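Source file: structure-v4.pdb; contents: PDB, C-alpha atoms.
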ATOM      1  CA  MET A   1      63.623-231.810 -56.764
ATOM      2  CA  LEU A   2      60.135-233.274 -56.796
ATOM      3  CA  VAL A   3      56.697-231.718 -57.148
ATOM      4  CA  ALA A   4      55.986-232.713 -53.538
ATOM      5  CA  ASP A   5      58.842-230.495 -52.342
ATOM      6  CA  PHE A   6      57.222-227.278 -53.607
ATOM      7  CA  MET A   7      53.484-227.915 -53.875
ATOM      8  CA  THR A   8      50.893-226.341 -51.565
ATOM      9  CA  ARG A   9      49.359-229.068 -49.440
ATOM     10  CA  ARG A  10      46.363-227.138 -48.141
ATOM     11  CA  VAL A  11      43.957-227.172 -51.063
ATOM     12  CA  ILE A  12      40.584-225.437 -51.192
ATOM     13  CA  THR A  13      38.143-227.594 -53.163
ATOM     14  CA  ILE A  14      34.604-227.087 -54.414
ATOM     15  CA  THR A  15      32.087-229.237 -56.277
ATOM     16  CA  PRO A  16      30.546-228.702 -59.712
ATOM     17  CA  GLU A  17      27.281-227.877 -57.937
ATOM     18  CA  THR A  18      28.821-224.953 -56.007
ATOM     19  CA  THR A  19      27.360-221.668 -57.203
ATOM     20  CA  MET A  20      29.665-219.115 -58.759
ATOM     21  CA  VAL A  21      28.689-216.683 -55.985
ATOM     22  CA  GLU A  22      29.985-219.108 -53.372
ATOM     23  CA  ALA A  23      33.126-219.786 -55.407
ATOM     24  CA  VAL A  24      33.916-216.081 -55.744
ATOM     25  CA  ARG A  25      33.508-215.614 -51.999
ATOM     26  CA  LEU A  26      35.918-218.480 -51.320
ATOM     27  CA  LEU A  27      38.507-217.124 -53.771
ATOM     28  CA  GLU A  28      38.312-213.711 -52.123
ATOM     29  CA  SER A  29      38.281-214.877 -48.497
ATOM     30  CA  HIS A  30      41.264-217.196 -48.957
ATOM     31  CA  GLY A  31      43.191-214.774 -51.184
ATOM     32  CA  ILE A  32      43.712-217.380 -53.911
ATOM     33  CA  ARG A  33      43.360-217.378 -57.697
ATOM     34  CA  ARG A  34      42.083-220.891 -58.337
ATOM     35  CA  MET A  35      40.241-223.813 -56.751
ATOM     36  CA  ILE A  36      40.115-227.478 -57.661
ATOM     37  CA  VAL A  37      36.715-228.932 -58.485
ATOM     38  CA  VAL A  38      36.020-232.440 -57.186
ATOM     39  CA  ARG A  39      33.146-234.908 -57.384
ATOM     40  CA  ASP A  40      33.147-238.086 -55.303
ATOM     41  CA  GLN A  41      36.831-237.432 -54.439
ATOM     42  CA  SER A  42      37.794-237.296 -58.136
ATOM     43  CA  VAL A  43      39.271-234.175 -59.735
ATOM     44  CA  VAL A  44      36.904-233.056 -62.501
ATOM     45  CA  GLY A  45      38.058-229.489 -63.169
ATOM     46  CA  ILE A  46      39.651-226.305 -61.956
ATOM     47  CA  LEU A  47      38.076-222.876 -61.510
ATOM     48  CA  THR A  48      40.362-219.857 -61.883
ATOM     49  CA  ASP A  49      39.768-216.151 -61.487
ATOM     50  CA  GLY A  50      40.048-216.016 -65.283
ATOM     51  CA  ASP A  51      37.147-218.476 -65.602
ATOM     52  CA  VAL A  52      35.123-216.268 -63.269
ATOM     53  CA  LEU A  53      35.810-213.170 -65.340
ATOM     54  CA  ARG A  54      34.934-214.961 -68.593
ATOM     55  CA  ALA A  55      31.641-216.120 -67.082
ATOM     56  CA  CYS A  56      30.564-212.562 -66.293
ATOM     57  CA  PRO A  57      29.505-209.652 -68.504
ATOM     58  CA  ALA A  58      32.393-207.367 -69.382
ATOM     59  CA  ASP A  59      30.956-204.509 -67.316
ATOM     60  CA  LEU A  60      30.524-206.595 -64.145
ATOM     61  CA  ASN A  61      33.139-206.894 -61.416
ATOM     62  CA  PRO A  62      32.430-210.389 -60.032
ATOM     63  CA  PHE A  63      34.126-209.474 -56.753
ATOM     64  CA  SER A  64      31.861-206.478 -56.076
ATOM     65  CA  ALA A  65      28.992-206.593 -53.567
ATOM     66  CA  MET A  66      26.309-206.150 -56.242
ATOM     67  CA  ALA A  67      27.643-209.024 -58.371
ATOM     68  CA  ALA A  68      25.970-211.636 -56.146
ATOM     69  CA  GLU A  69      22.592-210.728 -57.669
ATOM     70  CA  ASP A  70      23.737-211.062 -61.267
ATOM     71  CA  PRO A  71      22.361-214.127 -63.107
ATOM     72  CA  ALA A  72      25.869-214.963 -64.359
ATOM     73  CA  LEU A  73      26.983-215.754 -60.819
ATOM     74  CA  LYS A  74      23.925-217.812 -59.990
ATOM     75  CA  ARG A  75      25.177-220.503 -62.355
ATOM     76  CA  THR A  76      27.068-223.509 -61.039
ATOM     77  CA  VAL A  77      30.823-223.964 -61.144
ATOM     78  CA  GLY A  78      30.364-227.004 -63.379
ATOM     79  CA  ARG A  79      29.183-224.730 -66.201
ATOM     80  CA  CYS A  80      32.161-222.349 -65.940
ATOM     81  CA  MET A  81      35.164-224.418 -64.807
ATOM     82  CA  SER A  82      38.037-225.534 -67.022
ATOM     83  CA  SER A  83      37.674-229.238 -67.763
ATOM     84  CA  PRO A  84      39.212-231.731 -68.332
ATOM     85  CA  VAL A  85      42.149-230.742 -66.149
ATOM     86  CA  GLU A  86      45.799-231.762 -66.301
ATOM     87  CA  THR A  87      47.168-233.360 -63.125
ATOM     88  CA  ILE A  88      50.604-234.484 -61.972
ATOM     89  CA  GLN A  89      51.854-237.027 -59.455
ATOM     90  CA  SER A  90      53.543-235.798 -56.278
ATOM     91  CA  ASP A  91      56.697-237.841 -56.961
ATOM     92  CA  ALA A  92      57.148-236.411 -60.471
ATOM     93  CA  PRO A  93      60.284-234.340 -61.185
ATOM     94  CA  LEU A  94      59.643-230.623 -60.806
ATOM     95  CA  GLU A  95      60.807-229.982 -64.372
ATOM     96  CA  GLN A  96      57.939-232.161 -65.616
ATOM     97  CA  ALA A  97      55.475-229.719 -64.053
ATOM     98  CA  ALA A  98      57.332-226.774 -65.593
ATOM     99  CA  GLY A  99      57.185-228.473 -69.001
ATOM    100  CA  ILE A 100      53.413-228.904 -68.711
ATOM    101  CA  PHE A 101      52.988-225.229 -67.765
ATOM    102  CA  VAL A 102      54.876-224.198 -70.904
ATOM    103  CA  GLU A 103      53.324-226.743 -73.271
ATOM    104  CA  LYS A 104      49.713-226.392 -72.115
ATOM    105  CA  LYS A 105      49.895-222.671 -71.287
ATOM    106  CA  ILE A 106      48.342-223.179 -67.852
ATOM    107  CA  GLY A 107      49.290-221.814 -64.447
ATOM    108  CA  ALA A 108      48.549-224.629 -62.002
ATOM    109  CA  LEU A 109      48.288-228.391 -61.653
ATOM    110  CA  PRO A 110      46.389-230.475 -59.097
ATOM    111  CA  VAL A 111      48.874-232.845 -57.478
ATOM    112  CA  MET A 112      47.915-236.481 -56.995
ATOM    113  CA  SER A 113      49.256-239.401 -55.009
ATOM    114  CA  GLY A 114      47.813-242.275 -56.931
ATOM    115  CA  ASP A 115      44.143-241.324 -57.262
ATOM    116  CA  SER A 116      44.081-239.010 -54.227
ATOM    117  CA  LEU A 117      44.381-235.220 -54.373
ATOM    118  CA  VAL A 118      47.256-234.147 -52.116
ATOM    119  CA  GLY A 119      48.118-230.617 -53.242
ATOM    120  CA  ILE A 120      48.430-228.029 -55.971
ATOM    121  CA  ILE A 121      51.510-226.639 -57.694
ATOM    122  CA  THR A 122      51.682-223.346 -59.610
ATOM    123  CA  GLU A 123      54.058-221.527 -61.924
ATOM    124  CA  SER A 124      55.054-219.367 -58.952
ATOM    125  CA  ASP A 125      56.108-222.491 -57.075
ATOM    126  CA  THR A 126      58.477-223.443 -59.905
ATOM    127  CA  LEU A 127      59.995-219.953 -59.789
ATOM    128  CA  ARG A 128      60.462-220.361 -56.039
ATOM    129  CA  ALA A 129      62.220-223.655 -56.763
ATOM    130  CA  LEU A 130      64.536-221.887 -59.229
ATOM    131  CA  ILE A 131      65.512-219.378 -56.547
ATOM    132  CA  THR A 132      66.206-222.240 -54.168
ATOM    133  CA  LEU A 133      68.243-224.050 -56.804
ATOM    134  CA  LEU A 134      70.407-221.042 -57.620
ATOM    135  CA  GLY A 135      70.961-220.194 -53.975
ATOM    136  CA  THR A 136      70.819-216.895 -52.141
ATOM    137  CA  GLY A 137      73.456-214.709 -50.580
ATOM    138  CA  ALA A 138      76.247-212.434 -51.743
ATOM    139  CA  GLY A 139      78.402-213.760 -54.528
ATOM    140  CA  ILE A 140      78.664-213.963 -58.294
ATOM    141  CA  ARG A 141      76.805-215.738 -61.099
ATOM    142  CA  ILE A 142      78.892-216.572 -64.165
ATOM    143  CA  THR A 143      77.755-218.064 -67.468
ATOM    144  CA  PHE A 144      80.421-219.403 -69.825
ATOM    145  CA  ASN A 145      80.823-221.635 -72.870
ATOM    146  CA  VAL A 146      82.390-225.072 -72.588
ATOM    147  CA  HIS A 147      84.959-225.403 -75.375
ATOM    148  CA  ASP A 148      85.479-229.161 -74.988
ATOM    149  CA  GLU A 149      82.425-231.446 -74.780
ATOM    150  CA  ASP A 150      84.473-234.005 -72.834
ATOM    151  CA  GLU A 151      85.603-231.490 -70.215
ATOM    152  CA  ASP A 152      84.811-232.290 -66.584
ATOM    153  CA  VAL A 153      83.180-228.952 -65.791
ATOM    154  CA  PHE A 154      82.357-229.974 -62.239
ATOM    155  CA  ALA A 155      86.034-230.593 -61.495
ATOM    156  CA  PHE A 156      86.965-227.240 -63.076
ATOM    157  CA  VAL A 157      84.398-225.276 -61.046
ATOM    158  CA  HIS A 158      85.225-227.169 -57.852
ATOM    159  CA  GLY A 159      88.925-226.345 -58.261
ATOM    160  CA  LEU A 160      88.110-222.749 -59.121
ATOM    161  CA  SER A 161      86.017-222.313 -55.983
ATOM    162  CA  ARG A 162      88.703-223.843 -53.748
ATOM    163  CA  ARG A 163      91.489-221.701 -55.179
ATOM    164  CA  HIS A 164      89.460-218.528 -54.745
ATOM    165  CA  LYS A 165      87.904-219.529 -51.404
ATOM    166  CA  MET A 166      84.296-219.414 -52.600
ATOM    167  CA  GLN A 167      81.405-221.831 -52.204
ATOM    168  CA  VAL A 168      79.566-223.450 -55.135
ATOM    169  CA  ALA A 169      75.837-222.800 -54.627
ATOM    170  CA  ALA A 170      74.655-224.043 -58.038
ATOM    171  CA  LEU A 171      76.019-225.497 -61.258
ATOM    172  CA  LEU A 172      73.705-225.842 -64.266
ATOM    173  CA  SER A 173      74.383-226.824 -67.869
ATOM    174  CA  HIS A 174      72.297-226.426 -71.026
ATOM    175  CA  GLU A 175      72.582-226.063 -74.807
ATOM    176  CA  ARG A 176      72.591-222.647 -76.462
ATOM    177  CA  ALA A 177      72.988-222.225 -80.226
ATOM    178  CA  GLY A 178      74.578-225.649 -80.487
ATOM    179  CA  HIS A 179      77.105-225.041 -77.705
ATOM    180  CA  ARG A 180      77.203-226.318 -74.158
ATOM    181  CA  VAL A 181      76.784-223.476 -71.689
ATOM    182  CA  VAL A 182      77.393-223.587 -67.940
ATOM    183  CA  LEU A 183      75.911-221.335 -65.271
ATOM    184  CA  VAL A 184      77.711-221.339 -61.937
ATOM    185  CA  ARG A 185      76.676-219.500 -58.789
ATOM    186  CA  LEU A 186      79.504-218.866 -56.334
ATOM    187  CA  LEU A 187      79.021-217.491 -52.843
ATOM    188  CA  GLY A 188      81.544-215.397 -50.962
ATOM    189  CA  MET A 189      84.002-212.593 -51.657
ATOM    190  CA  GLU A 190      85.184-212.489 -55.275
ATOM    191  CA  SER A 191      88.973-212.495 -55.562
ATOM    192  CA  PRO A 192      90.703-210.303 -58.178
ATOM    193  CA  GLY A 193      91.973-213.267 -60.223
ATOM    194  CA  LEU A 194      88.716-215.220 -60.513
ATOM    195  CA  MET A 195      87.487-213.936 -63.864
ATOM    196  CA  GLU A 196      90.986-213.880 -65.323
ATOM    197  CA  GLU A 197      91.423-217.568 -64.520
ATOM    198  CA  ILE A 198      88.160-218.474 -66.279
ATOM    199  CA  TRP A 199      89.166-216.541 -69.413
ATOM    200  CA  SER A 200      92.702-217.888 -69.448
ATOM    201  CA  SER A 201      91.412-221.472 -69.167
ATOM    202  CA  GLY A 202      89.854-221.086 -72.620
ATOM    203  CA  HIS A 203      86.255-220.528 -71.588
ATOM    204  CA  ARG A 204      84.343-217.652 -73.180
ATOM    205  CA  VAL A 205      82.427-215.772 -70.507
ATOM    206  CA  ILE A 206      78.903-214.908 -71.678
ATOM    207  CA  SER A 207      77.594-212.998 -68.684
ATOM    208  CA  VAL A 208      78.507-212.005 -65.150
ATOM    209  CA  ALA A 209      76.144-210.872 -62.398
ATOM    210  CA  ARG A 210      77.434-209.798 -59.016
ATOM    211  CA  LEU A 211      74.801-210.321 -56.350
TER
END

Could you spell out this file's structure in structure tokens?
Amino acid sequence: MLVADFMTRRVITITPETTMVEAVRLLESHGIRRMIVVRDQSVVGILTDGDVLRACPADLNPFSAMAAEDPALKRTVGRCMSSPVETIQSDAPLEQAAGIFVEKKIGALPVMSGDSLVGIITESDTLRALITLLGTGAGIRITFNVHDEDEDVFAFVHGLSRRHKMQVAALLSHERAGHRVVLVRLLGMESPGLMEEIWSSGHRVISVARL
């Protein structure tokens, strides 16, 4: 799963010389929360609705009709934007973008192909990717501990799904409190012996969600 698979390709851009009034109108008319700031085809910053609010007096709604006359919104975007700005390449793994969101505490990244701006990816896009990864449809999501680090969990889950006539939609593994934990998403009708087989195989079930 790459950044290019989930980014938004239609990007609204502005320049540092754009007035804040114009920027606010663009944010409102396009129903977006942020715009990328470019100069000579280079990304130089990003303007978010949070930047707009910080640029205005606390008692001013920048999206109101009267705000256009306020001196705060007559300033240029270059004086209010967030800069420098983190970027990411379109062929980067999606988890790299998620890591930057967490580490830098930001909500969006301009996406580049080489030196060219080709899109934008947001935290919401990574959540959409998680939904895609885990699959949709009726079934069950089971999280269990792996008791043997050398166990072939894929083979176990594959056999489990075949015996109980279910489809594997997702299989994820991570560390929790020093133990390997597996999350499996199975689609289809749950058979009565499914959970019993997991317990009897020596795996400790941590959580079960029927969807």

> From the set A:Val153, A:Met1, A:Leu211, A:Val52, which residue has the shortest atom-to-atom contact distance to Leu73 (chain A), counting only C-alpha atoms?
Replying inline: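 Result for the nearest residue to Leu73 (chain A): A:Val52.
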
> Nearest to Val111 (chain A): which of A:Val157, A:Val24, A:Leu171, A:Ile36 is it, counting all atoms listed in the file?
Replying inline: A:Ile36

>> Once the PyMOL selection byres ((chain A and resi 179-194) around 6) is applied to the coordinates I shared, what remains selected? I want it as JSON, numbers by chain.
In response: {"A": [138, 139, 140, 141, 142, 143, 144, 145, 146, 166, 167, 168, 169, 170, 171, 172, 173, 174, 175, 176, 177, 178, 195, 196, 197]}

Would you tabulate, counting only C-alpha atoms, all residues of region 94-127 of chain A that have an atom at most 10 Å from an atom of region 46-51 of chain A, showing the closest pair of atoms and their distance in Å to one decimal, sorted by chain then ascending number, as a Markdown table?
| residue | atom | partner | partner_atom | distance |
| --- | --- | --- | --- | --- |
| A:Gly107 | CA | A:Thr48 | CA | 9.5 |
| A:Ala108 | CA | A:Ile46 | CA | 9.1 |
| A:Leu109 | CA | A:Ile46 | CA | 8.9 |
| A:Pro110 | CA | A:Ile46 | CA | 8.4 |

> Quick one: which residues end up in the PyMOL selection byres ((chain A and resi 63) around 12) for this structure, as a VMD selection string?
Replying inline: chain A and resid 20 to 29 31 49 52 to 53 56 60 to 62 64 to 70 73

>> When the PyMOL selection byres ((chain A and resi 77) around 6) is applied to the structure above, which residues does it catch, written out as a list of chain:residue names?
In response: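 Those residues are A:Pro16, A:Thr18, A:Thr19, A:Met20, A:Thr76, A:Gly78, A:Arg79, A:Cys80, A:Met81.
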
> What is the CA of Ala72 (chain A)-CA of Ala55 (chain A) distance in Å, reported with one decimal?
Replying inline: 6.5 Å

>> Just checking: using all atoms listed in the file, which residue out of A:Val3, A:Leu133, A:Val11, A:Val38 ends up closest to Ala98 (chain A)?
In response: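 Of A:Val3, A:Leu133, A:Val11, A:Val38, the one nearest Ala98 (chain A), counting all atoms listed in the file, is A:Val3.
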
> Could you state the separation of CA of His30 (chain A) and CA of Glu103 (chain A) in Å, given to one decimal place?
Replying inline: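 Between CA of His30 (chain A) and CA of Glu103 (chain A) the gap is 28.8 Å.
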
>> Using only C-alpha atoms, which protein or nucleic acid residues come within 12 Å of Met112 (chain A)? Drop anything in the same chain fewer than 5 positions from it, and give the result as a ChimeraX atom specification.
In response: /A:3-4,7-9,11,36,41-43,86-92,117-121

>> If I take CA of Leu130 (chain A) and CA of Ile106 (chain A), how far is one from the other in Å, to one decimal?
In response: 18.4 Å

> Given the choices A:Gly114, A:Glu151, A:Val37, A:Trp199, which gets closest to Ser82 (chain A) if the distance is worked out from all atoms listed in the file?
Replying inline: A:Val37

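Proximity ranking of A:Ala155, A:Val205, A:Ile100, A:Ala129 relative to Leu2 (chain A) places A:Ala129 first, based on all atoms listed in the file.
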
Once N, CA, C and O atoms are restored for region 7-20 of chain A, what would the output be as a PDB file, keeping the file's coordinate frame?
ATOM      1  N   MET A   7      54.936-228.091 -53.738  1.00  0.00           N
ATOM      2  CA  MET A   7      53.484-227.915 -53.875  1.00  0.00           C
ATOM      3  C   MET A   7      52.881-227.330 -52.589  1.00  0.00           C
ATOM      4  O   MET A   7      53.474-227.395 -51.510  1.00  0.00           O
ATOM      5  N   THR A   8      51.682-226.772 -52.712  1.00  0.00           N
ATOM      6  CA  THR A   8      50.893-226.341 -51.565  1.00  0.00           C
ATOM      7  C   THR A   8      49.995-227.499 -51.152  1.00  0.00           C
ATOM      8  O   THR A   8      49.248-228.028 -51.983  1.00  0.00           O
ATOM      9  N   ARG A   9      50.102-227.888 -49.891  1.00  0.00           N
ATOM     10  CA  ARG A   9      49.359-229.068 -49.440  1.00  0.00           C
ATOM     11  C   ARG A   9      47.926-228.746 -49.000  1.00  0.00           C
ATOM     12  O   ARG A   9      47.056-229.606 -49.066  1.00  0.00           O
ATOM     13  N   ARG A  10      47.725-227.524 -48.559  1.00  0.00           N
ATOM     14  CA  ARG A  10      46.363-227.138 -48.141  1.00  0.00           C
ATOM     15  C   ARG A  10      45.604-226.646 -49.370  1.00  0.00           C
ATOM     16  O   ARG A  10      45.883-225.572 -49.898  1.00  0.00           O
ATOM     17  N   VAL A  11      44.665-227.460 -49.819  1.00  0.00           N
ATOM     18  CA  VAL A  11      43.957-227.172 -51.063  1.00  0.00           C
ATOM     19  C   VAL A  11      42.490-226.877 -50.762  1.00  0.00           C
ATOM     20  O   VAL A  11      41.830-227.652 -50.054  1.00  0.00           O
ATOM     21  N   ILE A  12      42.001-225.772 -51.305  1.00  0.00           N
ATOM     22  CA  ILE A  12      40.584-225.437 -51.192  1.00  0.00           C
ATOM     23  C   ILE A  12      39.857-226.077 -52.378  1.00  0.00           C
ATOM     24  O   ILE A  12      40.195-225.816 -53.536  1.00  0.00           O
ATOM     25  N   THR A  13      38.879-226.923 -52.091  1.00  0.00           N
ATOM     26  CA  THR A  13      38.143-227.594 -53.163  1.00  0.00           C
ATOM     27  C   THR A  13      36.669-227.192 -53.120  1.00  0.00           C
ATOM     28  O   THR A  13      36.138-226.788 -52.079  1.00  0.00           O
ATOM     29  N   ILE A  14      36.039-227.321 -54.279  1.00  0.00           N
ATOM     30  CA  ILE A  14      34.604-227.087 -54.414  1.00  0.00           C
ATOM     31  C   ILE A  14      34.033-228.190 -55.291  1.00  0.00           C
ATOM     32  O   ILE A  14      34.793-228.992 -55.858  1.00  0.00           O
ATOM     33  N   THR A  15      32.730-228.239 -55.419  1.00  0.00           N
ATOM     34  CA  THR A  15      32.087-229.237 -56.277  1.00  0.00           C
ATOM     35  C   THR A  15      31.504-228.546 -57.502  1.00  0.00           C
ATOM     36  O   THR A  15      31.321-227.316 -57.513  1.00  0.00           O
ATOM     37  N   PRO A  16      31.171-229.315 -58.528  1.00  0.00           N
ATOM     38  CA  PRO A  16      30.546-228.702 -59.712  1.00  0.00           C
ATOM     39  C   PRO A  16      29.219-228.028 -59.394  1.00  0.00           C
ATOM     40  O   PRO A  16      28.777-227.139 -60.132  1.00  0.00           O
ATOM     41  N   GLU A  17      28.577-228.432 -58.300  1.00  0.00           N
ATOM     42  CA  GLU A  17      27.281-227.877 -57.937  1.00  0.00           C
ATOM     43  C   GLU A  17      27.402-226.578 -57.137  1.00  0.00           C
ATOM     44  O   GLU A  17      26.398-225.886 -56.903  1.00  0.00           O
ATOM     45  N   THR A  18      28.607-226.229 -56.710  1.00  0.00           N
ATOM     46  CA  THR A  18      28.821-224.953 -56.007  1.00  0.00           C
ATOM     47  C   THR A  18      28.420-223.801 -56.920  1.00  0.00           C
ATOM     48  O   THR A  18      28.734-223.813 -58.118  1.00  0.00           O
ATOM     49  N   THR A  19      27.720-222.816 -56.369  1.00  0.00           N
ATOM     50  CA  THR A  19      27.360-221.668 -57.203  1.00  0.00           C
ATOM     51  C   THR A  19      28.580-220.780 -57.415  1.00  0.00           C
ATOM     52  O   THR A  19      29.517-220.775 -56.608  1.00  0.00           O
ATOM     53  N   MET A  20      28.556-220.024 -58.472  1.00  0.00           N
ATOM     54  CA  MET A  20      29.665-219.115 -58.759  1.00  0.00           C
ATOM     55  C   MET A  20      29.778-218.050 -57.677  1.00  0.00           C
ATOM     56  O   MET A  20      30.876-217.596 -57.356  1.00  0.00           O
TER      57      MET A  20
END
